[in-house]
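Novice: This is the content of start-v6.txt (compact mmCIF, N, CA and C atoms):
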# COMPACT_ATOMS: atom_id res chain seq x y z
N TRP G 1 89.57 38.73 138.51
CA TRP G 1 88.85 37.85 137.59
C TRP G 1 89.01 36.41 138.03
N GLU G 2 87.95 35.68 137.88
CA GLU G 2 87.95 34.26 138.24
C GLU G 2 87.60 33.45 137.00
N ASN G 3 88.39 32.45 136.70
CA ASN G 3 88.14 31.60 135.54
C ASN G 3 87.02 30.61 135.90
N THR G 4 85.88 30.74 135.22
CA THR G 4 84.75 29.85 135.53
C THR G 4 84.45 28.86 134.41
N ALA G 5 84.93 29.13 133.21
CA ALA G 5 84.67 28.21 132.10
C ALA G 5 85.70 28.41 131.01
N VAL G 6 86.02 27.34 130.33
CA VAL G 6 86.86 27.38 129.14
C VAL G 6 86.06 26.68 128.06
N GLY G 7 85.89 27.36 126.94
CA GLY G 7 85.08 26.74 125.90
C GLY G 7 84.98 27.56 124.65
N VAL G 8 83.86 27.39 123.97
CA VAL G 8 83.62 28.03 122.68
C VAL G 8 82.59 29.13 122.88
N CYS G 9 82.92 30.31 122.36
CA CYS G 9 82.00 31.44 122.44
C CYS G 9 81.25 31.54 121.12
N CYS G 10 79.91 31.62 121.20
CA CYS G 10 79.06 31.65 120.01
C CYS G 10 78.10 32.82 120.08
N LEU G 11 77.76 33.37 118.92
CA LEU G 11 76.68 34.35 118.82
C LEU G 11 75.48 33.61 118.26
N VAL G 12 74.35 33.73 118.95
CA VAL G 12 73.15 32.97 118.58
C VAL G 12 71.99 33.93 118.35
N LYS G 13 71.28 33.73 117.24
CA LYS G 13 70.05 34.49 116.98
C LYS G 13 68.89 33.57 117.31
N ASP G 14 68.08 33.97 118.29
CA ASP G 14 66.90 33.21 118.68
C ASP G 14 65.69 33.87 118.03
N ALA G 15 65.24 33.33 116.89
CA ALA G 15 64.15 33.93 116.13
C ALA G 15 62.85 33.93 116.91
N SER G 16 62.61 32.89 117.72
CA SER G 16 61.36 32.83 118.46
C SER G 16 61.25 33.94 119.51
N LYS G 17 62.39 34.35 120.06
CA LYS G 17 62.40 35.43 121.05
C LYS G 17 62.77 36.78 120.42
N ARG G 18 63.08 36.76 119.13
CA ARG G 18 63.51 37.97 118.41
C ARG G 18 64.65 38.66 119.15
N SER G 19 65.69 37.87 119.48
CA SER G 19 66.80 38.40 120.24
C SER G 19 68.09 37.66 119.89
N TYR G 20 69.21 38.27 120.27
CA TYR G 20 70.54 37.70 120.06
C TYR G 20 71.15 37.38 121.42
N TYR G 21 71.98 36.31 121.44
CA TYR G 21 72.62 35.88 122.68
C TYR G 21 74.09 35.60 122.43
N LEU G 22 74.87 35.84 123.46
CA LEU G 22 76.28 35.46 123.49
C LEU G 22 76.35 34.24 124.38
N ARG G 23 76.77 33.11 123.83
CA ARG G 23 76.83 31.86 124.61
C ARG G 23 78.25 31.34 124.66
N VAL G 24 78.59 30.84 125.83
CA VAL G 24 79.86 30.12 126.00
C VAL G 24 79.50 28.69 126.35
N VAL G 25 80.00 27.77 125.53
CA VAL G 25 79.76 26.34 125.75
C VAL G 25 81.04 25.74 126.31
N ASP G 26 80.94 25.18 127.51
CA ASP G 26 82.07 24.51 128.13
C ASP G 26 82.13 23.10 127.56
N MET G 27 83.12 22.84 126.73
CA MET G 27 83.22 21.57 126.01
C MET G 27 83.61 20.41 126.93
N ASP G 28 84.33 20.68 128.02
CA ASP G 28 84.73 19.62 128.95
C ASP G 28 83.55 19.13 129.78
N ARG G 29 82.74 20.08 130.26
CA ARG G 29 81.61 19.72 131.12
C ARG G 29 80.30 19.55 130.34
N HIS G 30 80.32 19.87 129.05
CA HIS G 30 79.14 19.73 128.18
C HIS G 30 77.95 20.54 128.70
N ILE G 31 78.23 21.81 129.03
CA ILE G 31 77.17 22.70 129.52
C ILE G 31 77.28 24.06 128.83
N ILE G 32 76.20 24.81 128.89
CA ILE G 32 76.24 26.20 128.47
C ILE G 32 76.64 27.00 129.71
N ALA G 33 77.85 27.52 129.71
CA ALA G 33 78.38 28.23 130.87
C ALA G 33 77.91 29.68 130.92
N LEU G 34 77.52 30.23 129.78
CA LEU G 34 77.04 31.61 129.73
C LEU G 34 75.99 31.71 128.63
N ASN G 35 74.90 32.39 128.93
CA ASN G 35 73.86 32.66 127.94
C ASN G 35 73.40 34.09 128.18
N GLN G 36 74.09 35.05 127.57
CA GLN G 36 73.86 36.47 127.82
C GLN G 36 73.13 37.10 126.64
N GLU G 37 71.96 37.69 126.92
CA GLU G 37 71.22 38.39 125.86
C GLU G 37 71.95 39.68 125.50
N ILE G 38 71.97 39.98 124.20
CA ILE G 38 72.53 41.25 123.73
C ILE G 38 71.34 42.20 123.56
N PHE G 39 71.16 43.06 124.52
CA PHE G 39 70.00 43.94 124.57
C PHE G 39 70.38 45.35 124.15
N ASN G 40 69.40 46.24 124.12
CA ASN G 40 69.59 47.59 123.60
C ASN G 40 70.72 48.36 124.29
N GLU G 41 70.82 48.32 125.60
CA GLU G 41 71.84 49.09 126.32
C GLU G 41 73.11 48.27 126.60
N PHE G 42 73.28 47.14 125.94
CA PHE G 42 74.43 46.26 126.14
C PHE G 42 75.72 47.02 125.80
N LYS G 43 76.66 47.02 126.73
CA LYS G 43 77.96 47.69 126.53
C LYS G 43 79.06 46.64 126.45
N TYR G 44 79.73 46.58 125.32
CA TYR G 44 80.78 45.59 125.06
C TYR G 44 82.10 46.32 124.99
N ASP G 45 82.99 46.02 125.94
CA ASP G 45 84.30 46.68 125.99
C ASP G 45 85.35 45.80 125.34
N SER G 46 85.87 46.28 124.22
CA SER G 46 86.91 45.53 123.51
C SER G 46 88.19 46.36 123.43
N SER G 47 88.43 47.19 124.45
CA SER G 47 89.61 48.06 124.43
C SER G 47 90.92 47.28 124.51
N ASN G 48 90.87 46.09 125.09
CA ASN G 48 92.03 45.19 125.09
C ASN G 48 91.84 44.22 123.93
N PRO G 49 92.79 44.10 123.01
CA PRO G 49 92.59 43.28 121.81
C PRO G 49 92.30 41.80 122.08
N MET G 50 92.75 41.26 123.21
CA MET G 50 92.57 39.83 123.48
C MET G 50 91.59 39.54 124.62
N PHE G 51 91.15 40.59 125.31
CA PHE G 51 90.25 40.41 126.46
C PHE G 51 89.10 41.40 126.36
N HIS G 52 87.89 40.89 126.20
CA HIS G 52 86.71 41.73 126.09
C HIS G 52 85.85 41.52 127.33
N SER G 53 85.09 42.53 127.72
CA SER G 53 84.27 42.41 128.92
C SER G 53 82.93 43.13 128.75
N PHE G 54 82.00 42.77 129.61
CA PHE G 54 80.67 43.39 129.63
C PHE G 54 80.01 43.05 130.95
N ALA G 55 78.99 43.81 131.29
CA ALA G 55 78.25 43.57 132.53
C ALA G 55 77.24 42.46 132.30
N GLY G 56 77.32 41.41 133.12
CA GLY G 56 76.33 40.34 133.08
C GLY G 56 75.20 40.66 134.03
N ASP G 57 74.28 39.73 134.18
CA ASP G 57 73.14 39.95 135.07
C ASP G 57 73.57 40.09 136.53
N GLU G 58 74.61 39.34 136.94
CA GLU G 58 75.01 39.35 138.34
C GLU G 58 76.44 39.84 138.57
N ARG G 59 77.26 39.85 137.53
CA ARG G 59 78.66 40.25 137.69
C ARG G 59 79.26 40.62 136.34
N MET G 60 80.45 41.17 136.36
CA MET G 60 81.17 41.46 135.12
C MET G 60 81.62 40.15 134.49
N ILE G 61 81.56 40.09 133.18
CA ILE G 61 81.97 38.91 132.43
C ILE G 61 83.15 39.30 131.54
N GLY G 62 84.15 38.44 131.48
CA GLY G 62 85.30 38.67 130.62
C GLY G 62 85.51 37.50 129.68
N LEU G 63 85.85 37.82 128.45
CA LEU G 63 86.17 36.80 127.45
C LEU G 63 87.64 36.96 127.10
N ASN G 64 88.43 35.93 127.38
CA ASN G 64 89.86 35.95 127.09
C ASN G 64 90.10 35.10 125.85
N PHE G 65 90.41 35.74 124.74
CA PHE G 65 90.57 35.04 123.46
C PHE G 65 91.98 34.51 123.30
N ALA G 66 92.09 33.35 122.67
CA ALA G 66 93.40 32.75 122.40
C ALA G 66 94.00 33.32 121.13
N ASP G 67 93.16 33.88 120.26
CA ASP G 67 93.63 34.38 118.97
C ASP G 67 93.08 35.80 118.76
N GLN G 68 93.95 36.72 118.37
CA GLN G 68 93.55 38.11 118.19
C GLN G 68 92.56 38.26 117.03
N ASN G 69 92.69 37.46 115.98
CA ASN G 69 91.75 37.52 114.86
C ASN G 69 90.34 37.10 115.31
N ASP G 70 90.26 36.08 116.15
CA ASP G 70 88.96 35.66 116.68
C ASP G 70 88.33 36.77 117.52
N ALA G 71 89.15 37.42 118.33
CA ALA G 71 88.66 38.51 119.17
C ALA G 71 88.14 39.66 118.31
N LYS G 72 88.86 40.00 117.27
CA LYS G 72 88.45 41.09 116.38
C LYS G 72 87.16 40.72 115.65
N HIS G 73 87.04 39.47 115.22
CA HIS G 73 85.83 39.01 114.54
C HIS G 73 84.63 39.09 115.49
N MET G 74 84.81 38.69 116.74
CA MET G 74 83.72 38.75 117.72
C MET G 74 83.30 40.20 117.94
N GLU G 75 84.27 41.08 118.09
CA GLU G 75 83.97 42.51 118.28
C GLU G 75 83.15 43.06 117.11
N THR G 76 83.56 42.73 115.90
CA THR G 76 82.86 43.21 114.70
C THR G 76 81.43 42.69 114.65
N ARG G 77 81.24 41.41 114.94
CA ARG G 77 79.89 40.82 114.91
C ARG G 77 78.99 41.42 115.99
N ILE G 78 79.52 41.61 117.19
CA ILE G 78 78.70 42.16 118.27
C ILE G 78 78.31 43.60 117.96
N LYS G 79 79.22 44.38 117.42
CA LYS G 79 78.89 45.77 117.05
C LYS G 79 77.80 45.79 115.98
N LYS G 80 77.86 44.86 115.03
CA LYS G 80 76.84 44.78 113.99
C LYS G 80 75.48 44.42 114.60
N ILE G 81 75.47 43.48 115.53
CA ILE G 81 74.23 43.09 116.20
C ILE G 81 73.67 44.26 117.02
N LEU G 82 74.54 44.99 117.71
CA LEU G 82 74.08 46.14 118.50
C LEU G 82 73.46 47.21 117.61
N ARG G 83 74.01 47.42 116.41
CA ARG G 83 73.41 48.38 115.48
C ARG G 83 72.00 47.92 115.10
N ARG G 84 71.83 46.62 114.84
CA ARG G 84 70.50 46.08 114.51
C ARG G 84 69.52 46.24 115.66
N VAL G 85 69.97 45.87 116.85
CA VAL G 85 69.11 45.95 118.04
C VAL G 85 68.70 47.40 118.28
N ASN G 86 69.65 48.32 118.21
CA ASN G 86 69.34 49.74 118.43
C ASN G 86 68.42 50.29 117.35
N SER G 87 68.62 49.88 116.12
CA SER G 87 67.76 50.32 115.01
C SER G 87 66.34 49.82 115.22
N ARG G 88 66.20 48.57 115.64
CA ARG G 88 64.88 48.00 115.89
C ARG G 88 64.18 48.76 117.02
N GLN G 89 64.93 49.12 118.07
CA GLN G 89 64.35 49.87 119.19
C GLN G 89 63.88 51.25 118.73
N LYS G 90 64.68 51.91 117.88
CA LYS G 90 64.30 53.23 117.38
C LYS G 90 63.02 53.14 116.54
N LYS G 91 62.91 52.10 115.71
CA LYS G 91 61.70 51.93 114.90
C LYS G 91 60.48 51.70 115.78
N LYS G 92 60.64 50.92 116.85
CA LYS G 92 59.52 50.70 117.78
C LYS G 92 59.09 52.01 118.42
N LYS G 93 60.06 52.84 118.80
CA LYS G 93 59.75 54.11 119.44
C LYS G 93 59.03 55.03 118.47
N VAL G 94 59.46 55.08 117.23
CA VAL G 94 58.80 55.92 116.23
C VAL G 94 57.35 55.47 116.03
N ARG G 95 57.14 54.15 115.92
CA ARG G 95 55.77 53.64 115.75
C ARG G 95 54.91 53.99 116.96
N ALA G 96 55.47 53.86 118.14
CA ALA G 96 54.72 54.19 119.35
C ALA G 96 54.38 55.68 119.38
N ASP G 97 55.33 56.51 118.99
CA ASP G 97 55.09 57.96 118.97
C ASP G 97 54.02 58.33 117.94
N LEU G 98 54.01 57.65 116.81
CA LEU G 98 53.02 57.94 115.77
C LEU G 98 51.61 57.58 116.23
N ASN G 99 51.48 56.56 117.06
CA ASN G 99 50.17 56.11 117.51
C ASN G 99 49.74 56.73 118.85
N LYS G 100 50.61 57.54 119.42
CA LYS G 100 50.31 58.14 120.72
C LYS G 100 49.35 59.32 120.51
N PRO G 101 48.26 59.38 121.29
CA PRO G 101 47.35 60.53 121.18
C PRO G 101 48.08 61.81 121.57
N SER G 102 47.76 62.88 120.89
CA SER G 102 48.37 64.16 121.23
C SER G 102 47.28 65.19 121.42
N SER G 103 47.64 66.33 121.94
CA SER G 103 46.68 67.40 122.16
C SER G 103 46.33 68.10 120.86
N LYS G 104 47.05 67.81 119.78
CA LYS G 104 46.81 68.46 118.49
C LYS G 104 45.71 67.78 117.69
N GLY G 105 45.26 66.64 118.11
CA GLY G 105 44.22 65.97 117.35
C GLY G 105 44.24 64.49 117.58
N PRO G 106 43.54 63.73 116.75
CA PRO G 106 43.46 62.28 116.93
C PRO G 106 44.78 61.61 116.60
N PRO G 107 44.97 60.37 117.07
CA PRO G 107 46.19 59.63 116.69
C PRO G 107 46.25 59.49 115.18
N ARG G 108 47.44 59.42 114.66
CA ARG G 108 47.62 59.35 113.21
C ARG G 108 47.05 58.09 112.60
N SER G 109 46.83 57.06 113.39
CA SER G 109 46.31 55.82 112.84
C SER G 109 44.80 55.90 112.61
N GLN G 110 44.14 56.97 113.08
CA GLN G 110 42.70 57.12 112.88
C GLN G 110 42.45 58.26 111.90
N PRO G 111 41.38 58.13 111.06
CA PRO G 111 41.08 59.22 110.13
C PRO G 111 40.57 60.43 110.90
N PRO G 112 40.75 61.63 110.35
CA PRO G 112 40.25 62.82 111.05
C PRO G 112 38.73 62.82 111.04
N PRO G 113 38.12 63.50 112.00
CA PRO G 113 36.66 63.54 112.03
C PRO G 113 36.13 64.31 110.82
N PRO G 114 34.89 64.03 110.40
CA PRO G 114 34.37 64.74 109.23
C PRO G 114 34.30 66.23 109.51
N SER G 115 34.51 67.02 108.49
CA SER G 115 34.51 68.47 108.62
C SER G 115 33.07 68.98 108.74
N LEU G 116 32.87 69.98 109.56
CA LEU G 116 31.56 70.58 109.74
C LEU G 116 31.28 71.65 108.70
N SER G 117 32.27 72.00 107.92
CA SER G 117 32.09 73.07 106.95
C SER G 117 31.52 72.59 105.62
N ARG G 118 31.35 71.31 105.44
CA ARG G 118 30.77 70.81 104.18
C ARG G 118 29.27 71.08 104.16
N PRO G 119 28.74 71.40 103.01
CA PRO G 119 27.30 71.57 102.93
C PRO G 119 26.60 70.23 103.05
N PRO G 120 25.39 70.22 103.61
CA PRO G 120 24.67 68.95 103.72
C PRO G 120 24.29 68.44 102.34
N PRO G 121 24.08 67.13 102.18
CA PRO G 121 23.72 66.59 100.88
C PRO G 121 22.38 67.15 100.41
N ALA G 122 22.22 67.33 99.09
CA ALA G 122 20.98 67.84 98.50
C ALA G 122 19.87 66.80 98.65
N PRO G 123 18.63 67.25 98.97
CA PRO G 123 17.53 66.29 99.08
C PRO G 123 17.25 65.60 97.75
N ALA G 124 16.83 64.38 97.83
CA ALA G 124 16.58 63.60 96.61
C ALA G 124 15.17 63.72 96.12
What does this structure look like when you write it as structure tokens?

Specialist:
Amino acid sequence: WENTAVGVCCLVKDASKRSYYLRVVDMDRHIIALNQEIFNEFKYDSSNPMFHSFAGDERMIGLNFADQNDAKHMETRIKKILRRVNSRQKKKKVRADLNKPSSKGPPRSQPPPPSLSRPPPAPA
């Protein structure tokens, strides 16, 4: 492990992108040292109470907490966010499946074709 930043770790909800991010702000250099999206397959390892890790875009990322309560709070919040993200993905899949054409008939979003067994209207 290589120490690349010391700072504040934040969970951010970006409403415009409909996504959550894990950000580390380096207070000495006044930069965002990490901006990691929490996506559907995001795996957060908190097996060590003070050191959590996950796969970043280019390498493994580790968060070394100074306080065990802070580490536990971060773990709880990330797990809650992952439940939301996964639930949202499942809802999208269900909607897509409902609108997908099947061999059994028209997509559910369209009304069925008129039945041919109805008698024609009576002449006026």

Novice: Report the distance between atom N of Met27 of chain G and atom CA of Thr4 of chain G in Å, rounded to one decimal place.

Specialist: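 These atoms are spaced 11.4 Å apart.
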
Novice: What's the 8 Å shell around segment 23-26 of chain G, counting only C-alpha atoms, without same-chain residues fewer than 2 positions away, as an mmCIF file with N, CA and C atoms, in the coordinates of the input?

Specialist:
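Saved the output as part.cif:
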data_model
loop_
_atom_site.group_PDB
_atom_site.id
_atom_site.type_symbol
_atom_site.label_atom_id
_atom_site.label_comp_id
_atom_site.auth_asym_id
_atom_site.auth_seq_id
_atom_site.Cartn_x
_atom_site.Cartn_y
_atom_site.Cartn_z
ATOM 1 N N ALA G 5 84.930 29.130 133.210
ATOM 2 C CA ALA G 5 84.670 28.210 132.100
ATOM 3 C C ALA G 5 85.700 28.410 131.010
ATOM 4 N N VAL G 6 86.020 27.340 130.330
ATOM 5 C CA VAL G 6 86.860 27.380 129.140
ATOM 6 C C VAL G 6 86.060 26.680 128.060
ATOM 7 N N GLY G 7 85.890 27.360 126.940
ATOM 8 C CA GLY G 7 85.080 26.740 125.900
ATOM 9 C C GLY G 7 84.980 27.560 124.650
ATOM 10 N N VAL G 8 83.860 27.390 123.970
ATOM 11 C CA VAL G 8 83.620 28.030 122.680
ATOM 12 C C VAL G 8 82.590 29.130 122.880
ATOM 13 N N CYS G 9 82.920 30.310 122.360
ATOM 14 C CA CYS G 9 82.000 31.440 122.440
ATOM 15 C C CYS G 9 81.250 31.540 121.120
ATOM 16 N N CYS G 10 79.910 31.620 121.200
ATOM 17 C CA CYS G 10 79.060 31.650 120.010
ATOM 18 C C CYS G 10 78.100 32.820 120.080
ATOM 19 N N LEU G 11 77.760 33.370 118.920
ATOM 20 C CA LEU G 11 76.680 34.350 118.820
ATOM 21 C C LEU G 11 75.480 33.610 118.260
ATOM 22 N N VAL G 12 74.350 33.730 118.950
ATOM 23 C CA VAL G 12 73.150 32.970 118.580
ATOM 24 C C VAL G 12 71.990 33.930 118.350
ATOM 25 N N TYR G 21 71.980 36.310 121.440
ATOM 26 C CA TYR G 21 72.620 35.880 122.680
ATOM 27 C C TYR G 21 74.090 35.600 122.430
ATOM 28 N N ASP G 28 84.330 20.680 128.020
ATOM 29 C CA ASP G 28 84.730 19.620 128.950
ATOM 30 C C ASP G 28 83.550 19.130 129.780
ATOM 31 N N ARG G 29 82.740 20.080 130.260
ATOM 32 C CA ARG G 29 81.610 19.720 131.120
ATOM 33 C C ARG G 29 80.300 19.550 130.340
ATOM 34 N N HIS G 30 80.320 19.870 129.050
ATOM 35 C CA HIS G 30 79.140 19.730 128.180
ATOM 36 C C HIS G 30 77.950 20.540 128.700
ATOM 37 N N ILE G 31 78.230 21.810 129.030
ATOM 38 C CA ILE G 31 77.170 22.700 129.520
ATOM 39 C C ILE G 31 77.280 24.060 128.830
ATOM 40 N N ILE G 32 76.200 24.810 128.890
ATOM 41 C CA ILE G 32 76.240 26.200 128.470
ATOM 42 C C ILE G 32 76.640 27.000 129.710
ATOM 43 N N ALA G 33 77.850 27.520 129.710
ATOM 44 C CA ALA G 33 78.380 28.230 130.870
ATOM 45 C C ALA G 33 77.910 29.680 130.920
ATOM 46 N N LEU G 34 77.520 30.230 129.780
ATOM 47 C CA LEU G 34 77.040 31.610 129.730
ATOM 48 C C LEU G 34 75.990 31.710 128.630
ATOM 49 N N ASN G 35 74.900 32.390 128.930
ATOM 50 C CA ASN G 35 73.860 32.660 127.940
ATOM 51 C C ASN G 35 73.400 34.090 128.180
ATOM 52 N N GLN G 36 74.090 35.050 127.570
ATOM 53 C CA GLN G 36 73.860 36.470 127.820
ATOM 54 C C GLN G 36 73.130 37.100 126.640
#

Novice: State, in Å with one decimal place, the distance from atom CA of Glu2 of chain G to atom CA of Asp67 of chain G.

Specialist: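 Calculated distance between atom CA of Glu2 of chain G and atom CA of Asp67 of chain G is 20.1 Å.
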
Novice: Distance atom C of Ile61 of chain G-atom CA of Phe39 of chain G, one decimal place?

Specialist: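 Separation of atom C of Ile61 of chain G and atom CA of Phe39 of chain G: 15.6 Å.
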
Novice: Dig up all the protein and nucleic acid residues within 5 Å of (89.9, 36.6, 125.5) in the file frame, using only N, CA and C atoms, and format them as a PyMOL selection string.

Specialist: chain G and resi 50-52+63-66

Novice: Need the shell around Pro49 of chain G: protein/DNA/RNA residues with any atom at most 8 Å away, counting only C-alpha atoms. Skip same-chain ones fewer than 5 positions apart. Format as number ranges by chain?

Specialist: G: 68, 71-72

Novice: Which polymer residues have any atom within 8 Å of an atom of Glu41 of chain G, counting all atoms listed in the file, with same-chain residues fewer than 3 positions away left out, as a PDB file with N, CA and C atoms, keeping the file's coordinate frame?

Specialist:
ATOM      1  N   ILE G  38      71.970  39.980 124.200  1.00  0.00           N
ATOM      2  CA  ILE G  38      72.530  41.250 123.730  1.00  0.00           C
ATOM      3  C   ILE G  38      71.340  42.200 123.560  1.00  0.00           C
ATOM      4  N   TYR G  44      79.730  46.580 125.320  1.00  0.00           N
ATOM      5  CA  TYR G  44      80.780  45.590 125.060  1.00  0.00           C
ATOM      6  C   TYR G  44      82.100  46.320 124.990  1.00  0.00           C
ATOM      7  N   VAL G  85      69.970  45.870 116.850  1.00  0.00           N
ATOM      8  CA  VAL G  85      69.110  45.950 118.040  1.00  0.00           C
ATOM      9  C   VAL G  85      68.700  47.400 118.280  1.00  0.00           C
ATOM     10  N   ASN G  86      69.650  48.320 118.210  1.00  0.00           N
ATOM     11  CA  ASN G  86      69.340  49.740 118.430  1.00  0.00           C
ATOM     12  C   ASN G  86      68.420  50.290 117.350  1.00  0.00           C
TER      13      ASN G  86
END

Novice: Among the residues of segment 2-38 of chain G, find those DSSP assigns to strand (DSSP E) from the backbone and print them as a ChimeraX atom specification.

Specialist: /G:7-14,19-26,31-38

Novice: Taking into account only C-alpha atoms, which residue in the set G:Arg88, G:Asn69, G:Glu58, G:Asn48 is nearest to Arg18 of chain G?

Specialist: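 So, comparing all the options, the nearest one is G:Arg88.
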
Novice: With only N, CA and C atoms as the basis for distance, which of G:Lys80, G:Asn99, G:Glu75, G:Glu37 is at the shortest distance from Ser19 of chain G?

Specialist: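 Closest residue, counting only N, CA and C atoms: G:Glu37.
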
Novice: Name the closest residue to Gln89 of chain G among the candidates G:Leu22, G:Arg59, G:Asn40, G:Ser16; distances are taken between atoms, counting only C-alpha atoms.

Specialist: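 That would be G:Asn40, the residue with the smallest distance to Gln89 of chain G.
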
Novice: Apply DSSP to the backbone of this structure and, from segment 30-76 of chain G, keep only the residues in helix (DSSP H, G or I); write these as an MDAnalysis selection string.

Specialist: chainID G and resid 68:76
